[in-house]
Amino acid sequence: MKQNLFLTVKDHSVSGEKFELIHNDELQMLETYPQPSTEKLPEYYQSEDYISHTDSKRNLFENAYHFIRSIALNKKLKLINAFNTSSKTLLDVGCGTGDFLLKAKENDWKVTGIEPNENARAITAEKIGPSAFDVEHLAKLEPSSFDVITLWHVLEHLPNLEMHVAVFERLLKEDGRLVIAVPNFNSYDAKYYNEFWAAYDVPRHLWHFSQKSIQILFSKVNMTVEKVRPMKFDSFYVSLLSEKYKNGKMNFFKAFVTGLRSNLKAKSSGEYSSLIYVLKKSN
């Protein structure tokens, strides 16, 4: 057992293995321990239930996921369209099957995607052409070449965290915006479900963020948080999965009540289940 043990959590999706969440006092966040090697990590994504790598709609849960995602796509587009940019260059890191890239391209954005999963990249190519690349492509991109860089529930998956943060700062234009959505372990639903909270999702989630940790992490590359926005649907989706992990079945009513309670409490605390951070380079 390591020092600063916060919680022991099971991988409910793939392996059934247990991992520790260690509190990083400097960055005010949690780290998954042990972290799988770069070579072994893809094995933990080999599941038909990993929806973001497929377009499957096999059951009520997956259909509900895609319905909610369609609403979320419109909100994401509205967010980036609000930025004052003329060239409209967008990099979406962890683009999955390309739905956000497609939405942005249809609205005159010049899009580039990064996606490590080969199957997901192939689905993206069918939608918008060869605009999505493997992670190694990040090193080939020109500095200061994007008006907006987005990571929708991706930062928590990236190994070499501080290195990647520096890369995103390098690729962003001086007046650009970095948009990051991540789960929030200080939310009510996280505390309610504790070790069964689905958004821990170990070991695919290597890092677990608080609002303070995002501020500290990006201050290291001279970036500041401009605004924080809630992702209110996430509390319901995460609570539904958490019910399954805790009780062996998806209890829609209990999940709805817990998700609603989490959002209501967050109205005063600001600690929603997931948060969107808009960051800019410091002057």
# chains A, B, ... in the order shown; residues from 1 in each chain; ligands from 1
$ residues_around --residues "His153 of chain A" --least-positions-apart "2" --cutoff "8 Å" --atoms "only C-alpha atoms" --output "PyMOL selection string"
chain A and resi 151+155-157+180-183
$ select_by_dssp --residues "segment 67-101 of chain A" --states "alpha helix (DSSP H)" --output "count of residues only"
18
$ closest_residue --among "A:Phe253, A:Leu206, A:Ser269, A:Ala166" --to "Glu20 of chain A" --atoms "only C-alpha atoms"
A:Leu206
$ atom_distance --atom1 "atom CA of Pro116 of chain A" --atom2 "atom CA of Glu26 of chain A"
29.5 Å
$ residues_around --residues "segment 237-240 of chain A" --least-positions-apart "3" --cutoff "10 Å" --atoms "only C-alpha atoms" --output "PyMOL selection string"
chain A and resi 61+64-65+68+183+189-190+192-193+196-200+232-234+243-245+249-260+262+273-274
$ write_last_selection --atoms "N, CA and C atoms" --output "tab-separated table (two decimals), in the first residue's frame"
chain	number	residue	atom	x	y	z
A	61	PHE	N	-29.74	1.22	-23.01
A	61	PHE	CA	-28.69	2.04	-22.44
A	61	PHE	C	-27.87	2.71	-23.55
A	64	ALA	N	-29.89	5.35	-25.33
A	64	ALA	CA	-29.98	6.54	-24.49
A	64	ALA	C	-28.67	7.33	-24.54
A	65	TYR	N	-27.55	6.61	-24.54
A	65	TYR	CA	-26.24	7.26	-24.63
A	65	TYR	C	-26.14	8.09	-25.91
A	68	ILE	N	-28.42	11.25	-25.79
A	68	ILE	CA	-27.84	12.31	-24.95
A	68	ILE	C	-26.62	12.91	-25.64
A	183	PRO	N	-14.25	14.20	-15.44
A	183	PRO	CA	-15.05	13.93	-14.24
A	183	PRO	C	-14.49	14.68	-13.03
A	189	ASP	N	-22.24	12.73	-6.47
A	189	ASP	CA	-22.40	11.34	-6.90
A	189	ASP	C	-21.12	10.54	-6.72
A	190	ALA	N	-19.96	11.21	-6.83
A	190	ALA	CA	-18.70	10.51	-6.56
A	190	ALA	C	-18.61	10.08	-5.10
A	192	TYR	N	-21.19	9.72	-3.06
A	192	TYR	CA	-22.28	8.80	-2.75
A	192	TYR	C	-21.93	7.37	-3.14
A	193	TYR	N	-21.40	7.19	-4.34
A	193	TYR	CA	-21.09	5.83	-4.80
A	193	TYR	C	-19.71	5.34	-4.36
A	196	PHE	N	-17.65	2.54	-6.00
A	196	PHE	CA	-18.45	2.07	-7.14
A	196	PHE	C	-18.71	3.19	-8.16
A	197	TRP	N	-18.17	4.38	-7.91
A	197	TRP	CA	-18.40	5.49	-8.83
A	197	TRP	C	-17.82	5.16	-10.20
A	198	ALA	N	-18.67	5.11	-11.21
A	198	ALA	CA	-18.25	4.64	-12.53
A	198	ALA	C	-17.22	5.53	-13.18
A	199	ALA	N	-17.17	6.81	-12.83
A	199	ALA	CA	-16.24	7.73	-13.48
A	199	ALA	C	-14.80	7.57	-13.00
A	200	TYR	N	-14.57	6.73	-11.99
A	200	TYR	CA	-13.17	6.39	-11.67
A	200	TYR	C	-12.60	5.52	-12.80
A	232	LYS	N	-24.33	18.60	-17.03
A	232	LYS	CA	-25.37	18.13	-16.12
A	232	LYS	C	-25.88	16.73	-16.45
A	233	PHE	N	-25.81	16.33	-17.71
A	233	PHE	CA	-26.25	14.99	-18.07
A	233	PHE	C	-25.36	13.91	-17.46
A	234	ASP	N	-24.10	14.25	-17.21
A	234	ASP	CA	-23.14	13.23	-16.77
A	234	ASP	C	-23.52	12.59	-15.44
A	243	GLU	N	-24.85	2.38	-10.34
A	243	GLU	CA	-25.86	1.48	-9.79
A	243	GLU	C	-25.58	0.04	-10.22
A	244	LYS	N	-25.21	-0.12	-11.48
A	244	LYS	CA	-24.90	-1.46	-12.00
A	244	LYS	C	-23.70	-2.05	-11.27
A	245	TYR	N	-22.67	-1.25	-11.06
A	245	TYR	CA	-21.47	-1.75	-10.39
A	245	TYR	C	-21.73	-2.06	-8.92
A	249	LYS	N	-27.28	-4.29	-11.19
A	249	LYS	CA	-28.28	-3.98	-12.22
A	249	LYS	C	-28.46	-2.47	-12.30
A	250	MET	N	-28.95	-2.03	-13.45
A	250	MET	CA	-29.18	-0.61	-13.66
A	250	MET	C	-30.56	-0.23	-13.12
A	251	ASN	N	-30.57	0.46	-12.03
A	251	ASN	CA	-31.81	0.95	-11.44
A	251	ASN	C	-32.03	2.38	-11.92
A	252	PHE	N	-32.87	2.54	-12.95
A	252	PHE	CA	-33.03	3.84	-13.58
A	252	PHE	C	-33.59	4.87	-12.60
A	253	PHE	N	-34.51	4.46	-11.74
A	253	PHE	CA	-35.12	5.41	-10.82
A	253	PHE	C	-34.10	5.92	-9.80
A	254	LYS	N	-33.36	5.00	-9.17
A	254	LYS	CA	-32.36	5.41	-8.18
A	254	LYS	C	-31.27	6.26	-8.81
A	255	ALA	N	-30.87	5.88	-10.04
A	255	ALA	CA	-29.84	6.65	-10.73
A	255	ALA	C	-30.33	8.06	-11.03
A	256	PHE	N	-31.58	8.17	-11.44
A	256	PHE	CA	-32.14	9.49	-11.74
A	256	PHE	C	-32.18	10.36	-10.49
A	257	VAL	N	-32.62	9.77	-9.38
A	257	VAL	CA	-32.72	10.52	-8.12
A	257	VAL	C	-31.34	10.98	-7.67
A	258	THR	N	-30.35	10.09	-7.75
A	258	THR	CA	-28.99	10.44	-7.32
A	258	THR	C	-28.39	11.49	-8.24
A	259	GLY	N	-28.59	11.33	-9.55
A	259	GLY	CA	-28.07	12.31	-10.50
A	259	GLY	C	-28.70	13.68	-10.29
A	260	LEU	N	-30.00	13.69	-10.05
A	260	LEU	CA	-30.70	14.95	-9.80
A	260	LEU	C	-30.21	15.60	-8.52
A	262	SER	N	-27.33	15.23	-7.15
A	262	SER	CA	-25.98	15.72	-7.37
A	262	SER	C	-26.00	17.09	-8.06
A	273	SER	N	-20.85	16.59	-11.49
A	273	SER	CA	-20.25	15.28	-11.76
A	273	SER	C	-19.12	15.38	-12.76
A	274	SER	N	-19.31	16.17	-13.80
A	274	SER	CA	-18.26	16.47	-14.77
A	274	SER	C	-18.26	17.96	-15.04
$ residues_around --residues "Asp99 of chain A" --least-positions-apart "6" --cutoff "12 Å" --atoms "only C-alpha atoms" --output "short mmCIF file (atom, residue, chain, number, x, y, z; two decimals) with N, CA and C atoms, in the first residue's frame"
data_model
loop_
_atom_site.label_atom_id
_atom_site.label_comp_id
_atom_site.auth_asym_id
_atom_site.auth_seq_id
_atom_site.Cartn_x
_atom_site.Cartn_y
_atom_site.Cartn_z
N SER A 52 -17.61 4.70 -26.77
CA SER A 52 -17.02 5.79 -27.54
C SER A 52 -16.16 5.30 -28.70
N HIS A 53 -15.85 4.00 -28.72
CA HIS A 53 -15.06 3.44 -29.82
C HIS A 53 -15.95 2.73 -30.84
N THR A 54 -17.26 2.74 -30.64
CA THR A 54 -18.18 2.10 -31.58
C THR A 54 -19.38 3.01 -31.79
N ASP A 55 -20.19 2.67 -32.76
CA ASP A 55 -21.46 3.37 -32.97
C ASP A 55 -22.63 2.44 -32.68
N HIS A 66 -26.54 7.51 -27.04
CA HIS A 66 -26.43 8.22 -28.31
C HIS A 66 -27.41 9.40 -28.38
N ARG A 69 -25.84 12.05 -26.32
CA ARG A 69 -24.65 12.56 -27.01
C ARG A 69 -25.03 13.54 -28.12
N SER A 70 -26.15 13.29 -28.80
CA SER A 70 -26.57 14.21 -29.85
C SER A 70 -26.90 15.59 -29.28
N ILE A 71 -27.50 15.62 -28.10
CA ILE A 71 -27.77 16.89 -27.43
C ILE A 71 -26.47 17.56 -27.02
N ALA A 72 -25.55 16.76 -26.48
CA ALA A 72 -24.26 17.29 -26.03
C ALA A 72 -23.46 17.86 -27.19
N LEU A 73 -23.55 17.22 -28.37
CA LEU A 73 -22.80 17.70 -29.54
C LEU A 73 -23.22 19.12 -29.91
N ASN A 74 -24.50 19.38 -29.85
CA ASN A 74 -24.99 20.73 -30.16
C ASN A 74 -24.47 21.75 -29.15
N LYS A 76 -21.66 21.46 -27.41
CA LYS A 76 -20.22 21.61 -27.65
C LYS A 76 -19.97 22.54 -28.82
N LEU A 77 -20.75 22.37 -29.89
CA LEU A 77 -20.59 23.23 -31.05
C LEU A 77 -20.90 24.69 -30.71
N ASP A 92 -9.37 18.02 -32.17
CA ASP A 92 -10.11 17.26 -31.16
C ASP A 92 -9.27 16.04 -30.79
N LYS A 105 -17.17 20.21 -38.70
CA LYS A 105 -16.87 20.37 -40.13
C LYS A 105 -18.09 20.88 -40.89
N GLU A 106 -19.26 20.39 -40.51
CA GLU A 106 -20.51 20.86 -41.14
C GLU A 106 -20.77 22.34 -40.85
N VAL A 111 -11.01 20.72 -39.45
CA VAL A 111 -10.89 19.80 -38.33
C VAL A 111 -9.74 18.81 -38.48
N GLY A 113 -8.34 15.36 -36.02
CA GLY A 113 -8.61 14.53 -34.85
C GLY A 113 -7.42 13.67 -34.49
N ALA A 120 -11.93 3.02 -34.24
CA ALA A 120 -12.63 4.31 -34.15
C ALA A 120 -12.16 5.26 -35.24
N ARG A 121 -10.86 5.26 -35.55
CA ARG A 121 -10.34 6.11 -36.63
C ARG A 121 -10.96 5.72 -37.98
N ILE A 123 -13.94 4.43 -38.47
CA ILE A 123 -15.31 4.93 -38.49
C ILE A 123 -15.33 6.43 -38.78
N THR A 124 -14.38 7.15 -38.17
CA THR A 124 -14.26 8.59 -38.43
C THR A 124 -13.99 8.86 -39.91
N ALA A 125 -13.09 8.08 -40.50
CA ALA A 125 -12.74 8.26 -41.91
C ALA A 125 -13.95 8.08 -42.82
N GLU A 126 -14.85 7.18 -42.45
CA GLU A 126 -16.07 6.97 -43.25
C GLU A 126 -16.98 8.19 -43.19
N LYS A 127 -16.90 8.94 -42.08
CA LYS A 127 -17.79 10.09 -41.90
C LYS A 127 -17.24 11.36 -42.53
N ILE A 128 -15.93 11.60 -42.35
CA ILE A 128 -15.38 12.90 -42.77
C ILE A 128 -14.10 12.78 -43.58
N ALA A 132 -8.47 11.99 -39.04
CA ALA A 132 -8.10 11.54 -37.69
C ALA A 132 -6.82 10.71 -37.77
N TRP A 152 -12.66 15.99 -24.86
CA TRP A 152 -13.92 15.65 -24.20
C TRP A 152 -13.75 14.31 -23.47
#
$ closest_residue --among "A:Met231, A:Leu279, A:Leu41, A:Leu241" --to "Glu169 of chain A" --atoms "only C-alpha atoms"
A:Leu279
$ select_by_dssp --residues "segment 109-222 of chain A" --states "strand (DSSP E)" --output "ChimeraX atom specification"
/A:110-114,132-133,146-152,172-183,207-208
$ residues_around --residues "Ile216 of chain A" --least-positions-apart "4" --cutoff "8 Å" --atoms "only C-alpha atoms" --output "PyMOL selection string"
chain A and resi 27+212+220
$ write_last_selection --atoms "all heavy atoms" --output "PDB file, in the first residue's frame"
ATOM      1  N   LEU A  27      -0.492  18.378  -6.746  1.00  0.00           N
ATOM      2  CA  LEU A  27      -1.430  18.732  -7.807  1.00  0.00           C
ATOM      3  C   LEU A  27      -2.892  18.657  -7.365  1.00  0.00           C
ATOM      4  O   LEU A  27      -3.792  18.985  -8.140  1.00  0.00           O
ATOM      5  CB  LEU A  27      -1.218  17.826  -9.021  1.00  0.00           C
ATOM      6  CG  LEU A  27       0.130  17.970  -9.734  1.00  0.00           C
ATOM      7  CD1 LEU A  27       0.239  16.961 -10.870  1.00  0.00           C
ATOM      8  CD2 LEU A  27       0.312  19.389 -10.263  1.00  0.00           C
ATOM      9  N   LYS A 212      -9.263  22.441  -8.388  1.00  0.00           N
ATOM     10  CA  LYS A 212      -7.958  22.979  -7.993  1.00  0.00           C
ATOM     11  C   LYS A 212      -6.831  22.340  -8.797  1.00  0.00           C
ATOM     12  O   LYS A 212      -5.873  23.014  -9.197  1.00  0.00           O
ATOM     13  CB  LYS A 212      -7.743  22.742  -6.488  1.00  0.00           C
ATOM     14  CG  LYS A 212      -6.520  23.441  -5.915  1.00  0.00           C
ATOM     15  CD  LYS A 212      -6.688  24.948  -5.942  1.00  0.00           C
ATOM     16  CE  LYS A 212      -5.512  25.641  -5.258  1.00  0.00           C
ATOM     17  NZ  LYS A 212      -5.631  27.119  -5.338  1.00  0.00           N
ATOM     18  N   LYS A 220       1.436  25.438 -14.708  1.00  0.00           N
ATOM     19  CA  LYS A 220       2.818  25.044 -14.982  1.00  0.00           C
ATOM     20  C   LYS A 220       3.242  25.386 -16.407  1.00  0.00           C
ATOM     21  O   LYS A 220       4.439  25.467 -16.710  1.00  0.00           O
ATOM     22  CB  LYS A 220       2.994  23.543 -14.728  1.00  0.00           C
ATOM     23  CG  LYS A 220       2.907  23.138 -13.259  1.00  0.00           C
ATOM     24  CD  LYS A 220       2.992  21.626 -13.109  1.00  0.00           C
ATOM     25  CE  LYS A 220       3.034  21.216 -11.653  1.00  0.00           C
ATOM     26  NZ  LYS A 220       4.317  21.523 -11.000  1.00  0.00           N
TER      27      LYS A 220
END
$ residues_around --residues "Phe6 of chain A" --least-positions-apart "3" --cutoff "8 Å" --atoms "only C-alpha atoms" --output "VMD selection string"
chain A and resid 20 to 23 30
$ write_last_selection --atoms "all heavy atoms" --output "JSON list (two decimals), in the first residue's frame"
[["chain", "number", "residue", "atom", "x", "y", "z"],
["A", 20, "GLU", "N", -5.41, 1.16, -6.74],
["A", 20, "GLU", "CA", -5.47, 2.16, -5.69],
["A", 20, "GLU", "C", -5.52, 3.56, -6.29],
["A", 20, "GLU", "O", -4.94, 3.81, -7.35],
["A", 20, "GLU", "CB", -4.23, 2.04, -4.78],
["A", 20, "GLU", "CG", -4.19, 0.73, -3.99],
["A", 20, "GLU", "CD", -2.93, 0.60, -3.15],
["A", 20, "GLU", "OE1", -1.98, 1.40, -3.36],
["A", 20, "GLU", "OE2", -2.88, -0.29, -2.28],
["A", 21, "LEU", "N", -6.25, 4.45, -5.63],
["A", 21, "LEU", "CA", -6.25, 5.86, -5.97],
["A", 21, "LEU", "C", -5.40, 6.58, -4.94],
["A", 21, "LEU", "O", -5.72, 6.57, -3.75],
["A", 21, "LEU", "CB", -7.67, 6.42, -5.99],
["A", 21, "LEU", "CG", -8.66, 5.75, -6.93],
["A", 21, "LEU", "CD1", -10.01, 6.45, -6.86],
["A", 21, "LEU", "CD2", -8.15, 5.72, -8.36],
["A", 22, "ILE", "N", -4.31, 7.17, -5.39],
["A", 22, "ILE", "CA", -3.35, 7.83, -4.51],
["A", 22, "ILE", "C", -3.49, 9.33, -4.63],
["A", 22, "ILE", "O", -3.54, 9.86, -5.75],
["A", 22, "ILE", "CB", -1.90, 7.41, -4.86],
["A", 22, "ILE", "CG1", -1.77, 5.88, -4.90],
["A", 22, "ILE", "CG2", -0.91, 8.02, -3.88],
["A", 22, "ILE", "CD1", -2.11, 5.20, -3.60],
["A", 23, "HIS", "N", -3.58, 10.02, -3.52],
["A", 23, "HIS", "CA", -3.74, 11.47, -3.55],
["A", 23, "HIS", "C", -2.40, 12.15, -3.77],
["A", 23, "HIS", "O", -1.45, 11.93, -3.03],
["A", 23, "HIS", "CB", -4.36, 11.99, -2.25],
["A", 23, "HIS", "CG", -4.83, 13.40, -2.34],
["A", 23, "HIS", "ND1", -4.03, 14.48, -2.05],
["A", 23, "HIS", "CD2", -6.03, 13.93, -2.71],
["A", 23, "HIS", "CE1", -4.71, 15.59, -2.22],
["A", 23, "HIS", "NE2", -5.92, 15.29, -2.62],
["A", 30, "LEU", "N", -6.03, 12.78, -7.86],
["A", 30, "LEU", "CA", -5.80, 11.37, -7.57],
["A", 30, "LEU", "C", -5.10, 10.71, -8.75],
["A", 30, "LEU", "O", -5.35, 11.05, -9.90],
["A", 30, "LEU", "CB", -7.13, 10.66, -7.29],
["A", 30, "LEU", "CG", -8.04, 11.27, -6.24],
["A", 30, "LEU", "CD1", -9.34, 10.46, -6.14],
["A", 30, "LEU", "CD2", -7.35, 11.33, -4.89]]
$ residues_around --residues "Pro143 of chain A" --least-positions-apart "6" --cutoff "8 Å" --atoms "only C-alpha atoms" --output "VMD selection string"
chain A and resid 170 to 173
$ write_last_selection --atoms "C-alpha atoms" --output "compact mmCIF listing (two decimals), in the first residue's frame"
# COMPACT_ATOMS: atom_id res chain seq x y z
CA ARG A 170 2.49 24.58 -27.81
CA LEU A 171 -0.11 23.76 -30.48
CA LEU A 172 -2.55 26.46 -29.38
CA LYS A 173 -2.53 29.91 -30.95
$ decode --residues "segment 73-158 of chain A" --atoms "C-alpha atoms" --output "short mmCIF file (atom, residue, chain, number, x, y, z; two decimals), in the first residue's frame"
data_model
loop_
_atom_site.label_atom_id
_atom_site.label_comp_id
_atom_site.auth_asym_id
_atom_site.auth_seq_id
_atom_site.Cartn_x
_atom_site.Cartn_y
_atom_site.Cartn_z
CA LEU A 73 -22.80 17.70 -29.54
CA ASN A 74 -24.99 20.73 -30.16
CA LYS A 75 -23.89 22.27 -26.86
CA LYS A 76 -20.22 21.61 -27.65
CA LEU A 77 -20.59 23.23 -31.05
CA LYS A 78 -22.31 26.25 -29.53
CA LEU A 79 -19.43 26.59 -27.06
CA ILE A 80 -16.65 26.64 -29.66
CA ASN A 81 -18.66 28.80 -32.07
CA ALA A 82 -18.78 31.46 -29.35
CA PHE A 83 -15.01 31.91 -29.52
CA ASN A 84 -13.92 34.87 -31.63
CA THR A 85 -11.84 33.17 -34.33
CA SER A 86 -11.52 33.78 -38.05
CA SER A 87 -9.59 30.72 -39.29
CA LYS A 88 -11.68 28.19 -37.29
CA THR A 89 -8.98 25.52 -36.91
CA LEU A 90 -9.97 22.75 -34.50
CA LEU A 91 -8.01 19.86 -32.98
CA ASP A 92 -10.11 17.26 -31.16
CA VAL A 93 -7.92 14.94 -29.09
CA GLY A 94 -9.51 11.56 -28.46
CA CYS A 95 -12.07 12.11 -31.19
CA GLY A 96 -13.55 8.59 -30.91
CA THR A 97 -15.80 7.82 -33.87
CA GLY A 98 -15.72 11.40 -35.12
CA ASP A 99 -19.19 12.74 -34.35
CA PHE A 100 -17.94 16.03 -32.91
CA LEU A 101 -15.50 16.48 -35.81
CA LEU A 102 -18.34 15.90 -38.27
CA LYS A 103 -20.57 18.40 -36.48
CA ALA A 104 -17.78 21.00 -36.48
CA LYS A 105 -16.87 20.37 -40.13
CA GLU A 106 -20.51 20.86 -41.14
CA ASN A 107 -20.22 24.27 -39.47
CA ASP A 108 -17.13 25.33 -41.45
CA TRP A 109 -14.44 24.33 -38.99
CA LYS A 110 -11.16 22.97 -40.39
CA VAL A 111 -10.89 19.80 -38.33
CA THR A 112 -8.13 17.46 -37.22
CA GLY A 113 -8.61 14.53 -34.85
CA ILE A 114 -6.31 12.42 -32.71
CA GLU A 115 -7.54 8.93 -31.80
CA PRO A 116 -5.38 5.95 -30.71
CA ASN A 117 -8.04 3.33 -31.44
CA GLU A 118 -7.70 2.06 -35.01
CA ASN A 119 -11.32 0.93 -35.32
CA ALA A 120 -12.63 4.31 -34.15
CA ARG A 121 -10.34 6.11 -36.63
CA ALA A 122 -11.75 3.95 -39.44
CA ILE A 123 -15.31 4.93 -38.49
CA THR A 124 -14.26 8.59 -38.43
CA ALA A 125 -12.74 8.26 -41.91
CA GLU A 126 -16.07 6.97 -43.25
CA LYS A 127 -17.79 10.09 -41.90
CA ILE A 128 -15.38 12.90 -42.77
CA GLY A 129 -12.44 11.41 -44.66
CA PRO A 130 -8.85 10.93 -43.42
CA SER A 131 -8.86 13.67 -40.78
CA ALA A 132 -8.10 11.54 -37.69
CA PHE A 133 -4.62 10.30 -36.82
CA ASP A 134 -2.80 8.21 -34.22
CA VAL A 135 -1.26 9.87 -31.14
CA GLU A 136 2.19 10.00 -32.77
CA HIS A 137 0.79 12.59 -35.18
CA LEU A 138 0.76 15.19 -32.38
CA ALA A 139 4.53 15.58 -32.74
CA LYS A 140 4.14 16.38 -36.46
CA LEU A 141 1.73 19.29 -35.97
CA GLU A 142 3.00 22.84 -36.30
CA PRO A 143 3.20 25.01 -33.16
CA SER A 144 0.50 27.67 -32.71
CA SER A 145 -1.68 26.11 -35.42
CA PHE A 146 -5.09 25.72 -33.72
CA ASP A 147 -7.68 28.22 -32.60
CA VAL A 148 -9.40 25.61 -30.44
CA ILE A 149 -8.19 22.33 -28.98
CA THR A 150 -10.78 20.09 -27.31
CA LEU A 151 -10.49 17.05 -25.06
CA TRP A 152 -13.92 15.65 -24.20
CA HIS A 153 -13.29 13.19 -21.35
CA VAL A 154 -9.81 12.44 -22.66
CA LEU A 155 -7.25 14.11 -20.37
CA GLU A 156 -7.84 11.48 -17.70
CA HIS A 157 -6.77 8.77 -20.18
CA LEU A 158 -3.44 10.24 -21.27
#
